[in-house]
Every structure is written in C-alpha cells, then in structure tokens.
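*Asks:* Next comes coords-v5.pdb, PDB, C-alpha atoms, pLDDT in the B column:
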ATOM      1  CA  PRO A   1     -27.033 -11.116 -36.317  1.00 63.00           C
ATOM      2  CA  ALA A   2     -27.531  -7.962 -34.268  1.00 62.00           C
ATOM      3  CA  ALA A   3     -24.605  -6.561 -32.327  1.00 62.00           C
ATOM      4  CA  PRO A   4     -24.802  -7.240 -28.583  1.00 66.00           C
ATOM      5  CA  ALA A   5     -26.279  -4.357 -26.633  1.00 63.00           C
ATOM      6  CA  LEU A   6     -23.815  -2.338 -24.568  1.00 78.00           C
ATOM      7  CA  LYS A   7     -24.320  -2.624 -20.858  1.00 86.00           C
ATOM      8  CA  GLN A   8     -24.343   0.349 -18.539  1.00 92.00           C
ATOM      9  CA  VAL A   9     -22.012  -0.435 -15.640  1.00 93.00           C
ATOM     10  CA  ILE A  10     -21.699   1.585 -12.442  1.00 94.00           C
ATOM     11  CA  VAL A  11     -18.503   1.261 -10.434  1.00 93.00           C
ATOM     12  CA  ILE A  12     -18.732   2.486  -6.869  1.00 92.00           C
ATOM     13  CA  GLY A  13     -15.461   3.954  -5.658  1.00 89.00           C
ATOM     14  CA  ALA A  14     -12.615   5.589  -7.538  1.00 90.00           C
ATOM     15  CA  GLY A  15      -9.816   3.892  -5.636  1.00 86.00           C
ATOM     16  CA  MET A  16      -7.264   1.736  -7.405  1.00 81.00           C
ATOM     17  CA  GLY A  17      -9.672  -1.226  -7.503  1.00 85.00           C
ATOM     18  CA  GLY A  18     -12.603   0.821  -8.781  1.00 90.00           C
ATOM     19  CA  LEU A  19     -10.541   2.565 -11.445  1.00 91.00           C
ATOM     20  CA  ALA A  20      -8.990  -0.732 -12.562  1.00 89.00           C
ATOM     21  CA  ALA A  21     -12.456  -2.327 -12.775  1.00 90.00           C
ATOM     22  CA  ALA A  22     -13.804   0.639 -14.744  1.00 93.00           C
ATOM     23  CA  LEU A  23     -10.909   0.445 -17.195  1.00 91.00           C
ATOM     24  CA  ARG A  24     -11.397  -3.280 -17.691  1.00 90.00           C
ATOM     25  CA  VAL A  25     -15.137  -2.996 -18.221  1.00 91.00           C
ATOM     26  CA  ARG A  26     -14.671  -0.080 -20.632  1.00 92.00           C
ATOM     27  CA  ARG A  27     -12.139  -2.097 -22.627  1.00 90.00           C
ATOM     28  CA  LEU A  28     -14.828  -4.757 -22.980  1.00 90.00           C
ATOM     29  CA  GLY A  29     -16.906  -2.109 -24.753  1.00 91.00           C
ATOM     30  CA  HIS A  30     -19.399  -1.238 -22.037  1.00 92.00           C
ATOM     31  CA  ALA A  31     -20.378   2.225 -20.857  1.00 93.00           C
ATOM     32  CA  VAL A  32     -19.014   2.940 -17.387  1.00 95.00           C
ATOM     33  CA  ARG A  33     -19.908   5.495 -14.747  1.00 95.00           C
ATOM     34  CA  VAL A  34     -17.658   5.767 -11.678  1.00 95.00           C
ATOM     35  CA  LEU A  35     -19.193   7.113  -8.464  1.00 93.00           C
ATOM     36  CA  GLU A  36     -16.876   8.437  -5.764  1.00 90.00           C
ATOM     37  CA  ALA A  37     -17.832   9.921  -2.379  1.00 84.00           C
ATOM     38  CA  ARG A  38     -14.708  12.058  -2.104  1.00 80.00           C
ATOM     39  CA  GLU A  39     -13.790  15.105  -4.153  1.00 81.00           C
ATOM     40  CA  SER A  40     -10.964  13.256  -5.902  1.00 81.00           C
ATOM     41  CA  ALA A  41     -10.035   9.755  -6.993  1.00 85.00           C
ATOM     42  CA  GLY A  42      -7.438   7.542  -5.358  1.00 81.00           C
ATOM     43  CA  GLY A  43      -9.034   5.744  -2.423  1.00 79.00           C
ATOM     44  CA  LEU A  44      -6.338   4.440  -0.088  1.00 71.00           C
ATOM     45  CA  ALA A  45      -3.702   5.629  -2.537  1.00 72.00           C
ATOM     46  CA  SER A  46      -4.848   9.223  -2.092  1.00 75.00           C
ATOM     47  CA  GLY A  47      -4.190  11.653   0.677  1.00 72.00           C
ATOM     48  CA  VAL A  48      -5.660  14.572   2.526  1.00 69.00           C
ATOM     49  CA  GLU A  49      -4.337  17.959   3.585  1.00 70.00           C
ATOM     50  CA  ILE A  50      -5.233  19.246   7.043  1.00 63.00           C
ATOM     51  CA  GLU A  51      -3.996  22.616   8.294  1.00 64.00           C
ATOM     52  CA  GLY A  52      -1.252  22.663   5.679  1.00 65.00           C
ATOM     53  CA  PHE A  53       0.015  19.157   6.473  1.00 63.00           C
ATOM     54  CA  ALA A  54      -0.248  16.364   3.902  1.00 64.00           C
ATOM     55  CA  PHE A  55      -1.237  12.878   5.057  1.00 65.00           C
ATOM     56  CA  ASP A  56      -1.245   9.666   3.045  1.00 65.00           C
ATOM     57  CA  GLY A  57      -4.568   7.886   2.782  1.00 63.00           C
ATOM     58  CA  GLY A  58      -3.649   4.421   3.951  1.00 59.00           C
ATOM     59  CA  PRO A  59      -1.998   1.100   3.219  1.00 53.00           C
ATOM     60  CA  TYR A  60      -0.532   0.444  -0.190  1.00 52.00           C
ATOM     61  CA  ILE A  61      -0.018  -2.574  -2.385  1.00 47.00           C
ATOM     62  CA  LEU A  62       1.584  -0.376  -5.004  1.00 49.00           C
ATOM     63  CA  LEU A  63       4.536   0.962  -3.048  1.00 58.00           C
ATOM     64  CA  ASP A  64       6.787  -1.831  -4.171  1.00 67.00           C
ATOM     65  CA  ARG A  65       7.803  -2.892  -7.632  1.00 74.00           C
ATOM     66  CA  PRO A  66       6.137  -6.346  -7.511  1.00 75.00           C
ATOM     67  CA  GLY A  67       2.810  -4.806  -6.499  1.00 72.00           C
ATOM     68  CA  LEU A  68       3.011  -2.197  -9.233  1.00 76.00           C
ATOM     69  CA  ASP A  69       3.991  -4.783 -11.863  1.00 81.00           C
ATOM     70  CA  TRP A  70       1.121  -7.052 -10.791  1.00 78.00           C
ATOM     71  CA  ALA A  71      -1.481  -4.260 -10.925  1.00 76.00           C
ATOM     72  CA  PHE A  72      -0.347  -3.059 -14.353  1.00 79.00           C
ATOM     73  CA  SER A  73      -0.075  -6.565 -15.840  1.00 83.00           C
ATOM     74  CA  THR A  74      -3.591  -7.371 -14.595  1.00 82.00           C
ATOM     75  CA  LEU A  75      -4.774  -4.468 -16.758  1.00 79.00           C
ATOM     76  CA  GLY A  76      -2.690  -5.622 -19.709  1.00 83.00           C
ATOM     77  CA  LEU A  77      -0.191  -2.778 -19.287  1.00 81.00           C
ATOM     78  CA  VAL A  78       3.586  -2.820 -18.904  1.00 80.00           C
ATOM     79  CA  THR A  79       4.894  -0.858 -15.920  1.00 76.00           C
ATOM     80  CA  ASP A  80       8.078   0.381 -17.603  1.00 78.00           C
ATOM     81  CA  GLU A  81       6.084   1.782 -20.520  1.00 76.00           C
ATOM     82  CA  GLN A  82       3.574   3.586 -18.297  1.00 72.00           C
ATOM     83  CA  VAL A  83       5.503   4.717 -15.217  1.00 73.00           C
ATOM     84  CA  THR A  84       9.019   5.970 -14.632  1.00 75.00           C
ATOM     85  CA  LEU A  85      10.174   4.761 -11.219  1.00 72.00           C
ATOM     86  CA  ARG A  86      12.758   6.635  -9.203  1.00 76.00           C
ATOM     87  CA  ARG A  87      14.175   5.361  -5.902  1.00 77.00           C
ATOM     88  CA  LEU A  88      13.774   7.747  -2.987  1.00 79.00           C
ATOM     89  CA  GLU A  89      16.644   7.604  -0.511  1.00 87.00           C
ATOM     90  CA  HIS A  90      15.047  10.061   1.923  1.00 86.00           C
ATOM     91  CA  VAL A  91      11.423   8.907   2.147  1.00 83.00           C
ATOM     92  CA  TYR A  92       9.840  11.340   4.624  1.00 82.00           C
ATOM     93  CA  ASP A  93      10.191  13.209   7.924  1.00 86.00           C
ATOM     94  CA  VAL A  94       8.029  13.013  11.017  1.00 83.00           C
ATOM     95  CA  SER A  95       8.022  16.159  13.150  1.00 82.00           C
ATOM     96  CA  THR A  96       6.252  17.342  16.254  1.00 75.00           C
ATOM     97  CA  ALA A  97       6.154  20.813  17.744  1.00 78.00           C
ATOM     98  CA  ASP A  98       8.105  19.848  20.858  1.00 81.00           C
ATOM     99  CA  GLY A  99      10.219  16.884  19.756  1.00 81.00           C
ATOM    100  CA  PRO A 100      12.925  15.915  17.317  1.00 86.00           C
ATOM    101  CA  THR A 101      12.358  15.442  13.599  1.00 88.00           C
ATOM    102  CA  LEU A 102      12.771  11.809  12.592  1.00 87.00           C
ATOM    103  CA  ARG A 103      13.965  11.063   9.076  1.00 90.00           C
ATOM    104  CA  PHE A 104      12.859   7.859   7.397  1.00 89.00           C
ATOM    105  CA  HIS A 105      15.166   6.564   4.675  1.00 91.00           C
ATOM    106  CA  ALA A 106      15.042   3.744   2.147  1.00 88.00           C
ATOM    107  CA  SER A 107      17.883   2.270   4.186  1.00 93.00           C
ATOM    108  CA  LEU A 108      16.792   0.486   7.364  1.00 94.00           C
ATOM    109  CA  ASP A 109      20.233   1.138   8.864  1.00 96.00           C
ATOM    110  CA  GLU A 110      20.077   4.899   8.269  1.00 95.00           C
ATOM    111  CA  THR A 111      16.605   5.130   9.780  1.00 94.00           C
ATOM    112  CA  ALA A 112      17.510   2.964  12.783  1.00 95.00           C
ATOM    113  CA  ASP A 113      20.691   4.994  13.335  1.00 95.00           C
ATOM    114  CA  GLY A 114      18.577   8.165  13.445  1.00 93.00           C
ATOM    115  CA  PHE A 115      16.350   6.618  16.115  1.00 91.00           C
ATOM    116  CA  GLU A 116      19.447   5.514  18.027  1.00 93.00           C
ATOM    117  CA  ARG A 117      20.876   9.053  18.036  1.00 92.00           C
ATOM    118  CA  GLN A 118      17.653  10.389  19.577  1.00 89.00           C
ATOM    119  CA  TRP A 119      16.953   7.542  22.002  1.00 89.00           C
ATOM    120  CA  PRO A 120      19.568   4.979  23.012  1.00 92.00           C
ATOM    121  CA  ARG A 121      18.500   1.384  22.162  1.00 91.00           C
ATOM    122  CA  ALA A 122      15.608   2.669  19.994  1.00 91.00           C
ATOM    123  CA  GLY A 123      17.480   1.664  16.828  1.00 93.00           C
ATOM    124  CA  ALA A 124      17.459  -2.006  17.821  1.00 94.00           C
ATOM    125  CA  ARG A 125      13.777  -1.811  18.751  1.00 93.00           C
ATOM    126  CA  TYR A 126      12.975  -0.223  15.390  1.00 92.00           C
ATOM    127  CA  ARG A 127      14.892  -2.955  13.533  1.00 94.00           C
ATOM    128  CA  ALA A 128      12.984  -5.629  15.493  1.00 92.00           C
ATOM    129  CA  PHE A 129       9.671  -3.926  14.697  1.00 89.00           C
ATOM    130  CA  VAL A 130      10.498  -3.804  10.976  1.00 91.00           C
ATOM    131  CA  ALA A 131      11.475  -7.501  11.053  1.00 92.00           C
ATOM    132  CA  ARG A 132       8.159  -8.442  12.722  1.00 88.00           C
ATOM    133  CA  MET A 133       6.150  -6.424  10.200  1.00 85.00           C
ATOM    134  CA  ALA A 134       8.117  -7.947   7.302  1.00 88.00           C
ATOM    135  CA  ALA A 135       7.272 -11.435   8.592  1.00 87.00           C
ATOM    136  CA  HIS A 136       3.570 -10.536   8.734  1.00 82.00           C
ATOM    137  CA  ASN A 137       3.831  -9.093   5.231  1.00 80.00           C
ATOM    138  CA  ARG A 138       5.411 -12.255   3.805  1.00 83.00           C
ATOM    139  CA  ARG A 139       2.635 -14.429   5.242  1.00 78.00           C
ATOM    140  CA  LEU A 140      -0.249 -12.162   4.200  1.00 76.00           C
ATOM    141  CA  ARG A 141       1.046 -10.856   0.858  1.00 74.00           C
ATOM    142  CA  PRO A 142      -0.401 -13.738  -1.208  1.00 73.00           C
ATOM    143  CA  LEU A 143      -3.882 -12.579  -0.187  1.00 68.00           C
ATOM    144  CA  LEU A 144      -3.281  -9.339  -2.099  1.00 66.00           C
ATOM    145  CA  TYR A 145      -2.986 -11.179  -5.395  1.00 66.00           C
ATOM    146  CA  ARG A 146      -5.886 -13.611  -5.292  1.00 64.00           C
ATOM    147  CA  SER A 147      -9.325 -13.968  -3.840  1.00 58.00           C
ATOM    148  CA  PRO A 148      -8.904 -15.230  -0.270  1.00 57.00           C
ATOM    149  CA  GLY A 149     -11.781 -17.690  -0.479  1.00 62.00           C
ATOM    150  CA  GLY A 150     -13.515 -16.709   2.724  1.00 64.00           C
ATOM    151  CA  PRO A 151     -12.665 -17.123   6.416  1.00 64.00           C
ATOM    152  CA  LEU A 152     -11.157 -20.579   5.896  1.00 68.00           C
ATOM    153  CA  SER A 153      -8.269 -18.979   4.028  1.00 66.00           C
ATOM    154  CA  LEU A 154      -7.125 -17.540   7.364  1.00 64.00           C
ATOM    155  CA  VAL A 155      -6.788 -21.058   8.771  1.00 69.00           C
ATOM    156  CA  ARG A 156      -4.672 -22.287   5.864  1.00 67.00           C
ATOM    157  CA  GLY A 157      -1.012 -21.558   6.307  1.00 65.00           C
ATOM    158  CA  GLY A 158      -1.446 -20.198   9.828  1.00 71.00           C
ATOM    159  CA  ARG A 159      -2.697 -16.804   8.639  1.00 68.00           C
ATOM    160  CA  TRP A 160      -5.141 -16.707  11.555  1.00 69.00           C
ATOM    161  CA  ARG A 161      -2.160 -15.819  13.763  1.00 73.00           C
ATOM    162  CA  ARG A 162      -1.941 -12.484  11.909  1.00 68.00           C
ATOM    163  CA  VAL A 163      -5.547 -11.421  12.644  1.00 68.00           C
ATOM    164  CA  PRO A 164      -4.623  -9.457  15.823  1.00 72.00           C
ATOM    165  CA  VAL A 165      -2.061  -7.472  13.824  1.00 66.00           C
ATOM    166  CA  LEU A 166      -4.596  -6.689  11.111  1.00 61.00           C
ATOM    167  CA  MET A 167      -7.222  -5.654  13.640  1.00 60.00           C
ATOM    168  CA  ARG A 168      -4.959  -2.895  14.976  1.00 56.00           C
ATOM    169  CA  PHE A 169      -5.101  -0.988  11.683  1.00 46.00           C
TER     170      PHE A 169
END
Go ahead and express the file in the form of structure tokens.
*Replies:*
Amino acid sequence: PAAPALKQVIVIGAGMGGLAAALRVRRLGHAVRVLEARESAGGLASGVEIEGFAFDGGPYILLDRPGLDWAFSTLGLVTDEQVTLRRLEHVYDVSTADGPTLRFHASLDETADGFERQWPRAGARYRAFVARMAAHNRRLRPLLYRSPGGPLSLVRGGRWRRVPVLMRF
C-alpha cells in the first residue's frame, strides 16, 4: 500500500497555543507553516518595549508550576528535563515619575508591607484584593485545562458569577 500523503497544515498565531499545535502536528508527520502577525513569537507570553520600558504581553497560564507541567505533559515533554525553574523572591517593581516605587515580591506579606509603608491600611486592602482574585482563579482554573463546552459551562458550578471580573480585562 502507498504511504499516506503528508498534509500541509497552516497554524495561525505563534502564541503558546499555536506553537504547541504546530509541534503536535509536525510530530504527526505533517508539514507545518506558522503565520504570526507580530515580529516575534510568544502571543500573550511575549512582551513589548515602549520608550525603553518592557511590558509583559498579558495573562499567563504558565506562570505557575502546575500550568507549566500541564502544558509540557500535553506535548509529551517533561518539565524538569526541558526547563530549569528558579524561584524569584523579588518579582518586579512598579515606578512612576512622581510617586514611590512599589516592589512586588513572591511573598504576599512582603508586598503588602511595602504598600502599608507607603499608604496606611493599603496593605490590608492589597491582601483582600489578592484573596478575591485567588478565589476567582480557583473557580475558573479548570477551564484552562479542558474545553469549556460553550456558554452553558459558565452556568455549571456558578462560573457565571465570574463573568464581570473577566470582562474587566
């Protein structure tokens, strides 16, 4: 019997999803062409530099170990063999020309204490904000790992209550 003909596959977008799809399709033996509108790959995991300042591109599933492990295992890879992870204690600074520089740390307490030093009671407000966002994350996180199944998936489990939060981003 004749060998099956290779398919030409076009993947639109060189973000994490597009690159993962291209890798999977290529491993199946098909020819792949990736089309990307930007000058570089990365999608939401990329960034941009404006007037000498670097900005991250957007939300991330891969900033935590479970997300990274899931993405790599989906591709048949082992995270520890492909990526060396190093914990960052000082994550980043936020500065303005006329205000204080705020330091964000891996430690919620250190970050909240920094807010508190600048603005009394701001530390408690920051902790409450982080707790609210963590609750939203816990409820919505399963949608990152499986197909949501359409609008009805928002009704299941009370996820519809999170829609206003998602619409702000």
*Asks:* Applied to this file, what does the PyMOL selection byres ((chain A and resi 74) around 12) return in terms of residues, put as a PDB file with C-alpha atoms, in the coordinates of the input?
*Replies:*
ATOM      1  CA  GLY A  17      -9.672  -1.226  -7.503  1.00 85.00           C
ATOM      2  CA  ALA A  20      -8.990  -0.732 -12.562  1.00 89.00           C
ATOM      3  CA  ALA A  21     -12.456  -2.327 -12.775  1.00 90.00           C
ATOM      4  CA  LEU A  23     -10.909   0.445 -17.195  1.00 91.00           C
ATOM      5  CA  ARG A  24     -11.397  -3.280 -17.691  1.00 90.00           C
ATOM      6  CA  GLY A  67       2.810  -4.806  -6.499  1.00 72.00           C
ATOM      7  CA  LEU A  68       3.011  -2.197  -9.233  1.00 76.00           C
ATOM      8  CA  ASP A  69       3.991  -4.783 -11.863  1.00 81.00           C
ATOM      9  CA  TRP A  70       1.121  -7.052 -10.791  1.00 78.00           C
ATOM     10  CA  ALA A  71      -1.481  -4.260 -10.925  1.00 76.00           C
ATOM     11  CA  PHE A  72      -0.347  -3.059 -14.353  1.00 79.00           C
ATOM     12  CA  SER A  73      -0.075  -6.565 -15.840  1.00 83.00           C
ATOM     13  CA  LEU A  75      -4.774  -4.468 -16.758  1.00 79.00           C
ATOM     14  CA  GLY A  76      -2.690  -5.622 -19.709  1.00 83.00           C
ATOM     15  CA  LEU A  77      -0.191  -2.778 -19.287  1.00 81.00           C
ATOM     16  CA  VAL A  78       3.586  -2.820 -18.904  1.00 80.00           C
ATOM     17  CA  THR A  79       4.894  -0.858 -15.920  1.00 76.00           C
ATOM     18  CA  TYR A 145      -2.986 -11.179  -5.395  1.00 66.00           C
ATOM     19  CA  ARG A 146      -5.886 -13.611  -5.292  1.00 64.00           C
TER      20      ARG A 146
END
*Asks:* In the coordinates of the file, take the point (15.8, 6.5, 5.8) and a cut-off of 12 Å; then, counting all atoms listed in the file, name each qualifying protein, DNA or RNA residue as a VMD selection string.
*Replies:* chain A and resid 87 to 94 102 to 115
*Asks:* Rank nothing, just name the residue among A:Val130, A:Ala14, A:Ala124, A:Val9 nearest to Ser46 (chain A), using all atoms listed in the file.
*Replies:* A:Ala14
*Asks:* Hey, can you check how far CA of Gly123 (chain A) sits from CA of Arg138 (chain A)?
*Replies:*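 Computing it gives 22.6 Å between the two atoms.
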*Asks:* One decimal, Å: what's the distance from CA of Gly42 (chain A) over to CA of Met16 (chain A), could you say?
*Replies:*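 Separating CA of Gly42 (chain A) from CA of Met16 (chain A) is a distance of 6.2 Å.
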*Asks:* Apply the PyMOL selection byres ((chain A and resi 25) around 12) to the file shown and report the selected residues as a list of chain:residue names.
*Replies:* A:Leu6, A:Lys7, A:Gln8, A:Val9, A:Ile10, A:Val11, A:Gly18, A:Leu19, A:Ala20, A:Ala21, A:Ala22, A:Leu23, A:Arg24, A:Arg26, A:Arg27, A:Leu28, A:Gly29, A:His30, A:Ala31, A:Val32, A:Arg33, A:Val34, A:Leu75
*Asks:* Given the selection you just returned, output its residues as a file containing C-alpha atoms, formatted as a PDB file, in the coordinates of the input.
*Replies:*
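Heads up, here's the output in result-v2.pdb:
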ATOM      1  CA  LEU A   6     -23.815  -2.338 -24.568  1.00 78.00           C
ATOM      2  CA  LYS A   7     -24.320  -2.624 -20.858  1.00 86.00           C
ATOM      3  CA  GLN A   8     -24.343   0.349 -18.539  1.00 92.00           C
ATOM      4  CA  VAL A   9     -22.012  -0.435 -15.640  1.00 93.00           C
ATOM      5  CA  ILE A  10     -21.699   1.585 -12.442  1.00 94.00           C
ATOM      6  CA  VAL A  11     -18.503   1.261 -10.434  1.00 93.00           C
ATOM      7  CA  GLY A  18     -12.603   0.821  -8.781  1.00 90.00           C
ATOM      8  CA  LEU A  19     -10.541   2.565 -11.445  1.00 91.00           C
ATOM      9  CA  ALA A  20      -8.990  -0.732 -12.562  1.00 89.00           C
ATOM     10  CA  ALA A  21     -12.456  -2.327 -12.775  1.00 90.00           C
ATOM     11  CA  ALA A  22     -13.804   0.639 -14.744  1.00 93.00           C
ATOM     12  CA  LEU A  23     -10.909   0.445 -17.195  1.00 91.00           C
ATOM     13  CA  ARG A  24     -11.397  -3.280 -17.691  1.00 90.00           C
ATOM     14  CA  ARG A  26     -14.671  -0.080 -20.632  1.00 92.00           C
ATOM     15  CA  ARG A  27     -12.139  -2.097 -22.627  1.00 90.00           C
ATOM     16  CA  LEU A  28     -14.828  -4.757 -22.980  1.00 90.00           C
ATOM     17  CA  GLY A  29     -16.906  -2.109 -24.753  1.00 91.00           C
ATOM     18  CA  HIS A  30     -19.399  -1.238 -22.037  1.00 92.00           C
ATOM     19  CA  ALA A  31     -20.378   2.225 -20.857  1.00 93.00           C
ATOM     20  CA  VAL A  32     -19.014   2.940 -17.387  1.00 95.00           C
ATOM     21  CA  ARG A  33     -19.908   5.495 -14.747  1.00 95.00           C
ATOM     22  CA  VAL A  34     -17.658   5.767 -11.678  1.00 95.00           C
ATOM     23  CA  LEU A  75      -4.774  -4.468 -16.758  1.00 79.00           C
TER      24      LEU A  75
END
*Asks:* Would you please work out which residue, of A:Pro100, A:Pro66, A:Gly158, A:Gly13, is nearest to Ala41 (chain A) when using all atoms listed in the file?
*Replies:*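 Checking each of A:Pro100, A:Pro66, A:Gly158, A:Gly13 against Ala41 (chain A), counting all atoms listed in the file, the winner is A:Gly13.
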*Asks:* CA of Glu49 (chain A) to CA of Arg65 (chain A): how many Å, to one decimal?
*Replies:*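 Interatomic distance, CA of Glu49 (chain A) to CA of Arg65 (chain A): 26.6 Å.
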